[in-house]
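Here's query.tsv, which has TSV, C-alpha atoms:
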chain	number	residue	atom	x	y	z
A	7	MET	CA	243.06	46.92	106.93
A	8	ASN	CA	242.09	46.16	103.38
A	9	ASN	CA	238.87	44.20	102.89
A	10	SER	CA	238.01	44.68	106.52
A	11	VAL	CA	234.54	44.62	108.02
A	12	VAL	CA	233.10	45.65	111.34
A	13	ALA	CA	231.85	42.77	113.43
A	14	TYR	CA	229.92	43.08	116.67
A	15	LEU	CA	230.68	40.63	119.46
A	16	LEU	CA	229.10	39.95	122.82
A	17	LEU	CA	231.25	38.83	125.74
A	18	GLY	CA	229.69	37.18	128.76
A	19	SER	CA	230.83	35.52	131.98
A	20	ASN	CA	229.10	34.26	135.12
A	21	LEU	CA	231.85	32.21	136.78
A	22	GLY	CA	235.07	33.29	138.46
A	23	ASP	CA	236.37	36.87	138.28
A	24	ARG	CA	233.93	37.94	135.58
A	25	ALA	CA	235.40	41.39	134.95
A	26	ALA	CA	238.96	40.04	134.70
A	27	LEU	CA	237.81	37.32	132.29
A	28	LEU	CA	236.14	39.93	130.05
A	29	ARG	CA	239.24	42.15	130.23
A	30	ALA	CA	241.48	39.22	129.20
A	31	ALA	CA	239.08	38.32	126.38
A	32	ARG	CA	239.19	41.89	125.03
A	33	ALA	CA	242.99	41.77	125.01
A	34	GLN	CA	243.02	38.43	123.19
A	35	LEU	CA	240.36	39.49	120.68
A	36	ALA	CA	242.46	42.52	119.74
A	37	ALA	CA	244.50	39.96	117.74
A	38	ALA	CA	241.44	39.53	115.50
A	39	GLY	CA	241.42	43.21	114.60
A	40	GLU	CA	241.05	46.72	115.95
A	41	ILE	CA	238.53	47.16	118.76
A	42	LEU	CA	236.64	50.27	117.69
A	43	ALA	CA	234.22	50.45	120.61
A	44	ALA	CA	233.45	48.63	123.85
A	45	SER	CA	230.29	49.08	125.85
A	46	ALA	CA	230.20	49.41	129.60
A	47	LEU	CA	229.84	46.20	131.59
A	48	TYR	CA	226.27	45.16	132.33
A	49	GLU	CA	225.09	42.75	134.98
A	50	THR	CA	222.37	40.58	133.52
A	51	ALA	CA	220.12	37.78	134.65
A	52	ALA	CA	220.87	34.41	133.10
A	53	TRP	CA	218.75	33.76	130.00
A	54	GLY	CA	217.43	30.33	129.11
A	55	ARG	CA	218.35	28.81	132.49
A	56	GLU	CA	217.75	31.32	135.22
A	57	ASP	CA	218.94	29.17	138.17
A	58	GLN	CA	222.57	30.23	137.90
A	59	PRO	CA	224.80	33.21	138.80
A	60	VAL	CA	224.22	36.52	137.04
A	61	PHE	CA	226.36	37.42	134.04
A	62	LEU	CA	228.54	40.33	133.15
A	63	ASN	CA	228.11	41.21	129.47
A	64	GLN	CA	229.87	43.62	127.15
A	65	ALA	CA	229.51	44.39	123.45
A	66	LEU	CA	232.49	45.10	121.20
A	67	ALA	CA	232.79	46.55	117.72
A	68	VAL	CA	235.83	45.04	115.99
A	69	ARG	CA	237.26	45.98	112.60
A	70	THR	CA	238.66	42.75	111.24
A	71	ALA	CA	240.05	41.33	108.02
A	72	LEU	CA	239.26	37.80	109.18
A	73	PRO	CA	236.51	35.94	107.33
A	74	ALA	CA	233.51	35.17	109.56
A	75	ARG	CA	234.52	31.54	110.07
A	76	GLN	CA	238.05	32.50	111.17
A	77	LEU	CA	236.62	35.12	113.52
A	78	LEU	CA	234.41	32.40	115.03
A	79	GLU	CA	237.50	30.20	115.50
A	80	GLN	CA	239.27	33.10	117.26
A	81	CYS	CA	236.23	33.58	119.55
A	82	LEU	CA	236.14	29.86	120.40
A	83	ALA	CA	239.89	29.81	121.08
A	84	THR	CA	239.47	32.79	123.42
A	85	GLU	CA	236.73	30.89	125.29
A	86	ARG	CA	238.95	27.81	125.61
A	87	ARG	CA	241.85	29.88	126.99
A	88	ALA	CA	239.46	31.15	129.68
A	89	GLY	CA	238.64	27.57	130.68
A	90	ARG	CA	235.24	27.40	128.96
A	91	GLU	CA	233.70	23.95	129.04
A	92	ARG	CA	230.56	23.27	127.02
A	93	LEU	CA	228.74	20.96	129.40
A	94	GLU	CA	225.13	22.07	128.98
A	95	ARG	CA	223.18	24.45	126.79
A	96	TRP	CA	222.80	27.87	128.43
A	97	GLY	CA	224.81	26.68	131.44
A	98	SER	CA	227.21	28.69	133.58
A	99	ARG	CA	230.50	29.60	131.92
A	100	THR	CA	233.76	31.37	132.49
A	101	LEU	CA	233.49	33.03	129.10
A	102	ASP	CA	231.12	33.20	126.16
A	103	VAL	CA	232.04	35.11	122.99
A	104	ASP	CA	229.27	35.38	120.41
A	105	ILE	CA	229.38	37.04	117.01
A	106	LEU	CA	226.18	39.09	116.88
A	107	LEU	CA	226.68	40.70	113.47
A	108	TYR	CA	229.41	40.48	110.86
A	109	ALA	CA	228.93	43.57	108.68
A	110	ASP	CA	225.66	42.91	106.84
A	111	ALA	CA	226.46	39.25	106.18
A	112	ILE	CA	223.72	36.64	106.30
A	113	ILE	CA	225.23	33.20	106.88
A	114	ASP	CA	223.35	29.99	107.64
A	115	GLU	CA	225.74	27.09	108.17
A	116	PRO	CA	225.53	24.24	110.69
A	117	ASP	CA	227.76	25.93	113.28
A	118	LEU	CA	227.68	29.55	112.14
A	119	THR	CA	224.49	31.57	111.81
A	120	LEU	CA	224.71	35.32	111.29
A	121	PRO	CA	223.21	37.57	112.34
A	122	HIS	CA	222.94	35.80	115.69
A	123	PRO	CA	219.56	34.04	115.44
A	124	ARG	CA	218.28	35.14	118.87
A	125	LEU	CA	219.69	38.68	118.96
A	126	ALA	CA	216.26	40.36	118.78
A	127	GLU	CA	215.01	38.26	121.74
A	128	ARG	CA	217.85	39.01	124.16
A	129	ARG	CA	217.89	42.23	126.15
A	130	PHE	CA	221.33	41.27	127.59
A	131	ALA	CA	222.77	41.51	124.06
A	132	LEU	CA	220.74	44.46	122.80
A	133	VAL	CA	221.39	46.85	125.72
A	134	PRO	CA	225.21	46.85	125.42
A	135	LEU	CA	225.00	46.76	121.62
A	136	ALA	CA	222.63	49.76	121.64
A	137	GLU	CA	225.17	51.66	123.72
A	138	ILE	CA	227.85	51.40	121.01
A	139	ALA	CA	225.77	51.10	117.81
A	140	PRO	CA	222.12	52.19	118.29
A	141	GLN	CA	221.59	52.99	114.60
A	142	LEU	CA	223.15	49.76	113.31
A	143	ARG	CA	220.58	47.93	111.17
A	144	HIS	CA	219.83	44.23	111.42
A	145	PRO	CA	220.38	42.95	107.85
A	146	GLN	CA	217.37	40.60	107.93
A	147	LEU	CA	214.86	42.46	110.07
A	148	GLY	CA	215.66	45.93	108.71
A	149	LEU	CA	215.35	47.50	112.17
A	150	SER	CA	218.02	49.41	114.08
A	151	VAL	CA	219.44	48.01	117.30
A	152	ALA	CA	217.59	50.77	119.19
A	153	GLU	CA	214.31	49.72	117.53
A	154	LEU	CA	214.95	46.05	118.31
A	155	LEU	CA	215.62	46.95	121.94
A	156	ALA	CA	212.42	49.03	122.15
A	157	GLN	CA	210.34	46.02	121.09
A	158	CYS	CA	212.38	43.27	122.76
A	159	PRO	CA	210.08	40.79	124.54
A	160	ASP	CA	212.75	39.73	127.06
A	161	PRO	CA	211.71	40.91	130.57
A	162	LEU	CA	215.00	39.99	132.31
A	163	PRO	CA	216.86	42.88	134.00
A	164	VAL	CA	220.03	44.39	132.51
A	165	ARG	CA	221.82	46.91	134.73
A	166	LEU	CA	225.03	48.89	134.47
A	167	TRP	CA	227.61	47.10	136.58
A	168	PRO	CA	228.85	49.40	139.34
A	169	GLY	CA	232.22	47.61	139.63
Write out the structure in this file as structure tokens.
Amino acid sequence: MNNSVVAYLLLGSNLGDRAALLRAARAQLAAAGEILAASALYETAAWGREDQPVFLNQALAVRTALPARQLLEQCLATERRAGRERLERWGSRTLDVDILLYADAIIDEPDLTLPHPRLAERRFALVPLAEIAPQLRHPQLGLSVAELLAQCPDPLPVRLWPG
């Protein structure tokens, strides 16, 4: 792909058949570009609102020619196809697809902030991302994903999913 970049996405689900929802999301997101890497599935405690079912999370590296905004639209469309309803912040969901990093882009728009503004605070995002891209550098903080994980303040458990 000419003018392509590598974007890093995080998939998450804590309702329904979580693994099947993530599998379907990966298949749909392949339309956005070539999936270069996919982490294992991790079972993670809910962040922000802990009184809900645990999540399955997975990080993807995707080579895409889509501009960041179009990639966001593809992620949101994938969520909608999975029945995602945005009823409450940090609530339970069938599918969540976040753009963590889009090459080394720094974007600050009302509904698109890259890198993801809370990436360094979320073990559930850093653990799967460190599996596929430990040396990847955060364009604002200047630290690698492995370094961010080593100093992450989030105490919530993240475990390899045995399923």
List the neighbours of Leu21 of chain A out to 9 Å using all atoms listed in the file; skip same-chain residues closer than 4 positions along the sequence, and give me the result as a PyMOL selection string.
chain A and resi 59-61+98-101
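In this structure, atom CA of Val12 of chain A sits 21.5 Å away from atom CA of Arg129 of chain A.
For the choices A:Ala139, A:Ala13, A:Leu120, A:Ile112, the atom-to-atom distance to Glu40 of chain A is smallest for A:Ala13 when using only C-alpha atoms.
The two atoms in question, atom CA of Pro123 of chain A and atom CA of Ala88 of chain A, are spaced 24.6 Å apart.
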Gap from atom CA of Leu78 of chain A to atom CA of Leu132 of chain A - Å, one decimal:
19.8 Å
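With only C-alpha atoms as the atoms that count, the minimum distance from His144 of chain A to the choices A:Arg87, A:Asp23, A:Ala31, A:Asp110 is reached by A:Asp110.
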Can you pull out the residues contacting Ile138 of chain A? Cut-off 7 Å, using only C-alpha atoms, and skip same-chain residues under 6 positions away; I want them as a CSV table (one decimal) with C-alpha atoms, keeping the file's coordinate frame.
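Saved the output as out_8.csv:
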chain,number,residue,atom,x,y,z
A,43,ALA,CA,234.2,50.4,120.6
A,44,ALA,CA,233.4,48.6,123.8
A,45,SER,CA,230.3,49.1,125.8
